[in-house]
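Engineer: Below is one structure. I have some questions about it.
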Amino acid sequence: MIKLESAHIEEVRGIRKLDIGFQKETFCISGPNGSGKSGVIDAIEFGLTGQISRLTGRGTKGLTVSEHGPHFDKTKFPGAAFVELKVFLPDIGKSATITRKISAPKKPKIVPSDRDVLAAFEEVANHPEIALSRREILRFILVEPTKRSEEIQTILKLDEIGDTRSAFNTAQNKLQIASQAVAATLTSSRNALLLHLQISALRAEDLLGSVNKRRKLLSLPEIAELSADTTLDAGLSSSAKVNDFNKQSSLRDVGALTEAEKGFSVLAKAEAAAIVRDLARLEADPALLAAVQRRSFIEKGLELVEGPECPLCDRPWDEEQHLRDHLKAKLAKSEEARKLQETLLKNGGAIAREAAGIIGLLGPVQKIADAQGQAGLSQTLGGLKTNLEGLRTGLTTVDGLTGLKDRLATGWPGAPKALSKSLQGLTEKIAAIPDQTTTLDAQTFLTTAQFRLADYREAMRKNEAAENAATAAKAAYEAYCDVMEEELNNLYDEVQKDFSTFYCAVNEDDEGQFTAKLTPTAGSLSLDVNFYDRGLFPPAAFHSEGHQDGMGVCLYLALMKRLFGKRFTFALLDDVVMSVDADHRRQFCKLLKTHFPDTQFVITTHDRVWAEQMKSAGLVTSKTSLAFHSWTIDTGPLVESNAEIWDEIAASLAKGKVEVAAAALRHHLEYVSRLLADQLAAAPAFRADGNYDLGDLMPAVLPRMKRLLGKAVNAAQSWAQDARKQDALNRKQTLSESNAALNVEQWAVNKLVHYNEWANLGRRDFEPVVKAFRDMLEIFSCPACNSWLYVSPRQSPDTLRCTCGVISLSLTEKK
């Protein structure tokens, strides 16, 4: 993977022009909401992948990188919006620069353009999951199992597993439907043979008994054994085989159709009614109808994808994977449509099987009618047979069922009203024919029996092939699911172990025995977590929002570890611990340092205290952190730092803009006072609304610092630490003599002497104010690492120190 060395961003999202040196180290960007932090994440993500995930996914319809990626003032000039990133590629030990413009997101300029460098950047571009926001972490926790499975398999690049499983399932369903149709034809052929032979079951002894009875009359040798190549009319002369009309058999065939016709009106009536209801539901919901109609179309398109061109519309895509993701997203939205489609086709299959039975009865009677000169009836029966065969085809698709709605509602067999009367007439005509001689009856009986046995054997062959195909498809699907489940179980076992370990590390004070269980089943992934040893429950059941946030981040880290292993060297975390409390955030810092020492995290947060906690924990330093104090549409993010803030104030004063300098100083002091009040455990007067301002916090910080320095002096003297005693004395004396400190003390006494009046001062009057506060704040920081001093531990502190340890003043006297 990569490590980020620096970034140059121009006219991207809310950023006008910004340079950041990341130095291949974990980096923190803090600032209030709307100050431009996420714009940096968007720009880095765009530079690496050509995408901005914030502009894609649910709730982003109508948003595009080309239209909404550039700064608002540059939407018509996307060529002016670009990102230039200098990165280090650990796998090949090279540094490289990638420049990507909003106007050409798929055509980055990469220097050097060595093959291994290009391959490394291509790999990064295929991993948009390196960027994580709070909106995205919840997709692992607060989602249904099917969606969680899709999201996690996508991150782990296992989405092809789901595609393959779906393909196997689709294949077995189609072959099962085809097998049922062939089985219906087999049943019809068997019934025709049984009807002719006048036997109740197709047993060899019964069949041969009926056949041999006629063969004996014709002085033909009896058939002793029924085999696959047995011919029932063997021994008949060719002339005897010409006439296959058998009066009694014909009467039975016509009688069977006549009897069946009486029940046409109730045949599969329940299934037809169910189809009509479901079709009415589709008509009432156009979106659902469209989803059903498109589903099979999209499924077919997904099967045919063999490159970046869409097989459905020939539209070219930048990458084949993007096309696949687009089609999969459409399928995922039509889950309800899938279930409805399955129900429709299941009921359609039931009707198709009944239709096959009718077709089996029509064939022999049509032949009889034709032989008896009943051309009109023969044509009617032929038309009905053709019509039912077309019906069977239509019953296999949703579009076909939609076109058959009216027919299914009024009587799907479609037999003409005069059919019963015509069949009666045919029966009477056959009955009026003089009885055949015993010899002729036996001859035609054998001939017809052979024809029907041949039809039955062919139907059996087709049925066996269809059953074998359906069985093989089912076996393949089940075998694939079994193997997939076993492999996924092993994979998820590793993920859940890391997930539990990471979560315990963050919450060791109250959930040190936390466990989790990821349970994969066909197409879904359930997540249950332990709740104080009371059992396993879904994350949203009892855990707080902050704990859910923590789970999401920990699961993400576990997945990235599984995906990249030791090559997990870079991630963008955009405000992902918003709801996690302060104590657990310290543990989160420890987690990142301990378990991911070689990973560079770029972390944004709107909580300044959390940003400073990262410094205190050693996760970042003052050199690897950046604070935005505000944002304007004309300037973009306004950067704040201990060094640069004073340069910014000086520059404003040089231009005579006292009001701008005053606002910057006040904002900086508000930030520092809140931070120091937290790190020094100061005690401002309580406010129920929690809205502490500069006038509340700084007057509480100064006496707290004086008391701490007093303790440090006494402790150093008791331990005979002269250098530390002198450092503490100097800081305490400087603080006591500070004009800024005196000014702050007056805020609490006289509200008229207040920072709100700074903007009304002249430049010469305000410059001493700036110097006084700058000198005062140096008392609270370390000159070596530029970090703010803090007490440790927070409760009953025994040390006042900085991040690097150069300043470490004991607060405990020697006994």
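As shown in the structure tokens, the chain order sets the letters A, B, ...; within each chain, residues go from 1, and ligands are also counted from 1 in the order they appear.
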So which residues touch Glu511 in chain A within 12 Å, counting only C-alpha atoms, skipping near sequence neighbours fewer than 3 positions away, as a ChimeraX atom specification?
Structural biologist: /A:500-508,514-516,529-534,543,547,584
Engineer: Can you pull out every residue within 6 Å of Leu395 in chain A, counting only C-alpha atoms, but drop anything in the same chain fewer than 5 positions away, and send it as a list of chain:residue names?
Structural biologist: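 Near Leu395 in chain A, the qualifying residues are A:Gly348, A:Gly400, A:Leu401.
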Engineer: Determine, counting only C-alpha atoms, which protein, DNA and RNA residues have an atom within 12 Å of an atom of range 453-458 of chain A; residues of the same chain fewer than 2 positions away are not included. Present the result as a VMD selection string.
Structural biologist: chain A and resid 182 to 197 202 207 to 208 211 226 to 233 360 363 to 364 445 to 451 460 to 465
Engineer: Determine the nearest neighbour of Ala627 in chain A from the options A:Gly307, A:Pro221, A:Gly14, A:Gly36, counting only C-alpha atoms.
Structural biologist: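 Closest residue, counting only C-alpha atoms: A:Gly36.
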Engineer: Would you pick out the contacts of Arg562 in chain A at 9 Å or less, using only C-alpha atoms, so that residues sharing its chain but fewer than 4 positions from it are not included, and give the list as a PyMOL selection string?
Structural biologist: chain A and resi 156+491+494-495+557-558
Engineer: Write out as CSV a residue-level contact list of range 38-80 of chain A versus range 95-107 of chain A with cut-off 12 Å: for each qualifying residue the closest pair of atoms and the distance in Å to one decimal, counting only C-alpha atoms, rows sorted by chain and residue number upward.
Structural biologist:
```
residue,atom,partner,partner_atom,distance
A:Asp42,CA,A:Ile102,CA,11.8
A:Ala43,CA,A:Arg100,CA,9.8
A:Ile44,CA,A:Arg100,CA,10.1
A:Glu45,CA,A:Arg100,CA,10.7
A:Phe46,CA,A:Arg100,CA,7.7
A:Gly47,CA,A:Arg100,CA,5.5
A:Leu48,CA,A:Ile98,CA,7.7
A:Thr49,CA,A:Pro105,CA,8.5
A:Gly50,CA,A:Pro105,CA,5.0
A:Gln51,CA,A:Pro105,CA,7.7
A:Ile52,CA,A:Pro105,CA,10.5
A:Thr64,CA,A:Ile102,CA,10.5
A:Val65,CA,A:Ile102,CA,7.1
A:Ser66,CA,A:Ile102,CA,6.0
A:Glu67,CA,A:Ile102,CA,8.9
A:His68,CA,A:Ile102,CA,9.5
A:Gly69,CA,A:Ile102,CA,6.7
A:Pro70,CA,A:Ile102,CA,6.8
A:His71,CA,A:Ile102,CA,10.4
A:Lys74,CA,A:Ile102,CA,10.5
A:Thr75,CA,A:Ile102,CA,9.8
A:Lys76,CA,A:Ser103,CA,10.2
A:Phe77,CA,A:Ser103,CA,8.3
A:Pro78,CA,A:Ser103,CA,5.1
A:Gly79,CA,A:Ser103,CA,5.1
A:Ala80,CA,A:Lys101,CA,7.6
```
Engineer: From the list A:Thr812, A:Leu218, A:Glu261, A:Gly21, which residue is nearest Leu236 in chain A when using only C-alpha atoms?
Structural biologist: A:Leu218
Engineer: Excluding range 426-434 of chain A and its own-chain neighbours fewer than 4 positions away, which residues fall within 9 Å of it when counting only C-alpha atoms? Please give them as a PyMOL selection string.
Structural biologist: chain A and resi 247-248+250-251+254-255+368-369+372+374+377+421-422
Engineer: Determine, counting only C-alpha atoms, which protein, DNA and RNA residues have an atom within 7 Å of an atom of range 769-782 of chain A; residues of the same chain fewer than 5 positions away are not included. Present the result as JSON, numbers by chain.
Structural biologist: {"A": [731, 735, 738, 739, 740, 787, 788, 789, 802, 807]}
Engineer: Output the selection as a compact mmCIF listing (two decimals), in the first residue's frame - N, CA, C and O atoms for each residue.
Structural biologist:
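Result file again-v3.txt:
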```
# COMPACT_ATOMS: atom_id res chain seq x y z
N ARG A 731 8.21 29.70 35.91
CA ARG A 731 6.89 29.69 35.25
C ARG A 731 5.85 30.36 36.15
O ARG A 731 5.01 31.13 35.69
N LEU A 735 3.97 33.86 35.30
CA LEU A 735 2.51 33.86 35.23
C LEU A 735 1.93 34.94 36.15
O LEU A 735 0.96 35.63 35.78
N SER A 738 2.42 38.38 34.52
CA SER A 738 1.92 38.53 33.16
C SER A 738 0.77 39.53 33.09
O SER A 738 -0.20 39.43 33.85
N ASN A 739 0.92 40.50 32.18
CA ASN A 739 -0.17 41.46 31.96
C ASN A 739 -1.41 40.76 31.46
O ASN A 739 -2.54 41.13 31.79
N ALA A 740 -1.22 39.74 30.63
CA ALA A 740 -2.37 38.99 30.11
C ALA A 740 -3.10 38.30 31.24
O ALA A 740 -4.34 38.27 31.29
N SER A 787 3.94 20.91 22.75
CA SER A 787 2.67 20.38 23.25
C SER A 787 2.25 21.14 24.50
O SER A 787 3.08 21.74 25.20
N TRP A 788 0.96 21.11 24.79
CA TRP A 788 0.44 21.76 26.00
C TRP A 788 0.67 20.83 27.20
O TRP A 788 0.58 19.62 27.08
N LEU A 789 0.95 21.45 28.33
CA LEU A 789 1.18 20.67 29.54
C LEU A 789 -0.13 20.05 30.02
O LEU A 789 -1.21 20.59 29.80
N CYS A 802 4.77 17.34 29.75
CA CYS A 802 4.47 17.54 28.32
C CYS A 802 4.50 16.19 27.62
O CYS A 802 4.77 15.16 28.25
N ILE A 807 9.60 18.28 29.97
CA ILE A 807 9.02 18.85 31.19
C ILE A 807 8.27 17.75 31.90
O ILE A 807 7.30 17.20 31.37
```
Engineer: May I have the residues within 9 Å of range 612-622 of chain A as a PyMOL selection string, using only C-alpha atoms and disregarding those fewer than 5 positions away in the same chain?
Structural biologist: chain A and resi 25-28+582+585-587+589-590+592-593+607+641-642+675+679+785-790+802-804
Engineer: Selected residues, N, CA and C atoms, written as a short mmCIF file (atom, residue, chain, number, x, y, z; two decimals), in the first residue's frame, please.
Structural biologist:
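Below you can see out.cif, which holds the result:
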```cif
data_model
loop_
_atom_site.label_atom_id
_atom_site.label_comp_id
_atom_site.auth_asym_id
_atom_site.auth_seq_id
_atom_site.Cartn_x
_atom_site.Cartn_y
_atom_site.Cartn_z
N GLU A 25 3.46 9.99 8.67
CA GLU A 25 3.09 9.72 10.05
C GLU A 25 1.57 9.86 10.24
N THR A 26 1.06 9.25 11.30
CA THR A 26 -0.35 9.45 11.64
C THR A 26 -0.58 10.94 11.87
N PHE A 27 -1.69 11.45 11.34
CA PHE A 27 -1.92 12.89 11.29
C PHE A 27 -3.34 13.20 11.76
N CYS A 28 -3.48 14.29 12.51
CA CYS A 28 -4.79 14.71 13.01
C CYS A 28 -5.16 16.08 12.46
N ALA A 582 -14.36 10.43 26.45
CA ALA A 582 -12.95 10.81 26.54
C ALA A 582 -12.04 9.67 26.99
N ARG A 585 -11.47 7.19 24.35
CA ARG A 585 -10.67 7.72 23.25
C ARG A 585 -9.18 7.55 23.52
N ARG A 586 -8.80 7.71 24.77
CA ARG A 586 -7.39 7.46 25.12
C ARG A 586 -7.01 6.01 24.82
N GLN A 587 -7.93 5.11 25.13
CA GLN A 587 -7.67 3.71 24.85
C GLN A 587 -7.65 3.45 23.34
N CYS A 589 -6.51 5.53 21.13
CA CYS A 589 -5.16 5.92 20.72
C CYS A 589 -4.17 4.79 20.98
N LYS A 590 -4.31 4.19 22.17
CA LYS A 590 -3.43 3.08 22.53
C LYS A 590 -3.61 1.91 21.58
N LEU A 592 -4.52 2.00 18.38
CA LEU A 592 -3.87 2.29 17.10
C LEU A 592 -2.36 2.18 17.21
N LYS A 593 -1.80 2.69 18.31
CA LYS A 593 -0.34 2.64 18.48
C LYS A 593 0.17 1.22 18.68
N ASP A 607 -13.72 17.71 17.70
CA ASP A 607 -13.50 17.87 19.14
C ASP A 607 -12.03 18.22 19.39
N SER A 641 -2.46 27.11 14.22
CA SER A 641 -1.42 26.33 14.90
C SER A 641 -0.71 27.26 15.86
N ASN A 642 0.03 26.72 16.83
CA ASN A 642 0.69 27.56 17.82
C ASN A 642 1.63 28.56 17.18
N LEU A 675 -8.98 23.49 26.07
CA LEU A 675 -8.02 22.39 26.11
C LEU A 675 -7.30 22.34 27.47
N GLN A 679 -7.01 19.47 30.29
CA GLN A 679 -5.74 18.78 30.57
C GLN A 679 -5.18 19.08 31.96
N CYS A 785 8.67 20.24 22.32
CA CYS A 785 7.71 19.52 21.46
C CYS A 785 6.47 20.36 21.13
N ASN A 786 6.40 21.57 21.72
CA ASN A 786 5.29 22.50 21.47
C ASN A 786 3.94 21.95 21.94
N SER A 787 3.94 20.91 22.75
CA SER A 787 2.67 20.38 23.25
C SER A 787 2.25 21.14 24.50
N TRP A 788 0.96 21.11 24.79
CA TRP A 788 0.44 21.76 26.00
C TRP A 788 0.67 20.83 27.20
N LEU A 789 0.95 21.45 28.33
CA LEU A 789 1.18 20.67 29.54
C LEU A 789 -0.13 20.05 30.02
N TYR A 790 0.00 18.90 30.70
CA TYR A 790 -1.18 18.23 31.23
C TYR A 790 -0.80 17.50 32.51
N CYS A 802 4.77 17.34 29.75
CA CYS A 802 4.47 17.54 28.32
C CYS A 802 4.50 16.19 27.62
N THR A 803 4.27 16.19 26.33
CA THR A 803 4.20 14.93 25.58
C THR A 803 5.57 14.27 25.45
N CYS A 804 6.61 15.07 25.21
CA CYS A 804 7.93 14.48 24.95
C CYS A 804 8.68 14.12 26.23
#
```
Engineer: Just to confirm, what's the straight-line distance from CA of Ala171 in chain A to CA of Ala274 in chain A in Å (one decimal)?
Structural biologist: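 So the answer is 25.1 Å.
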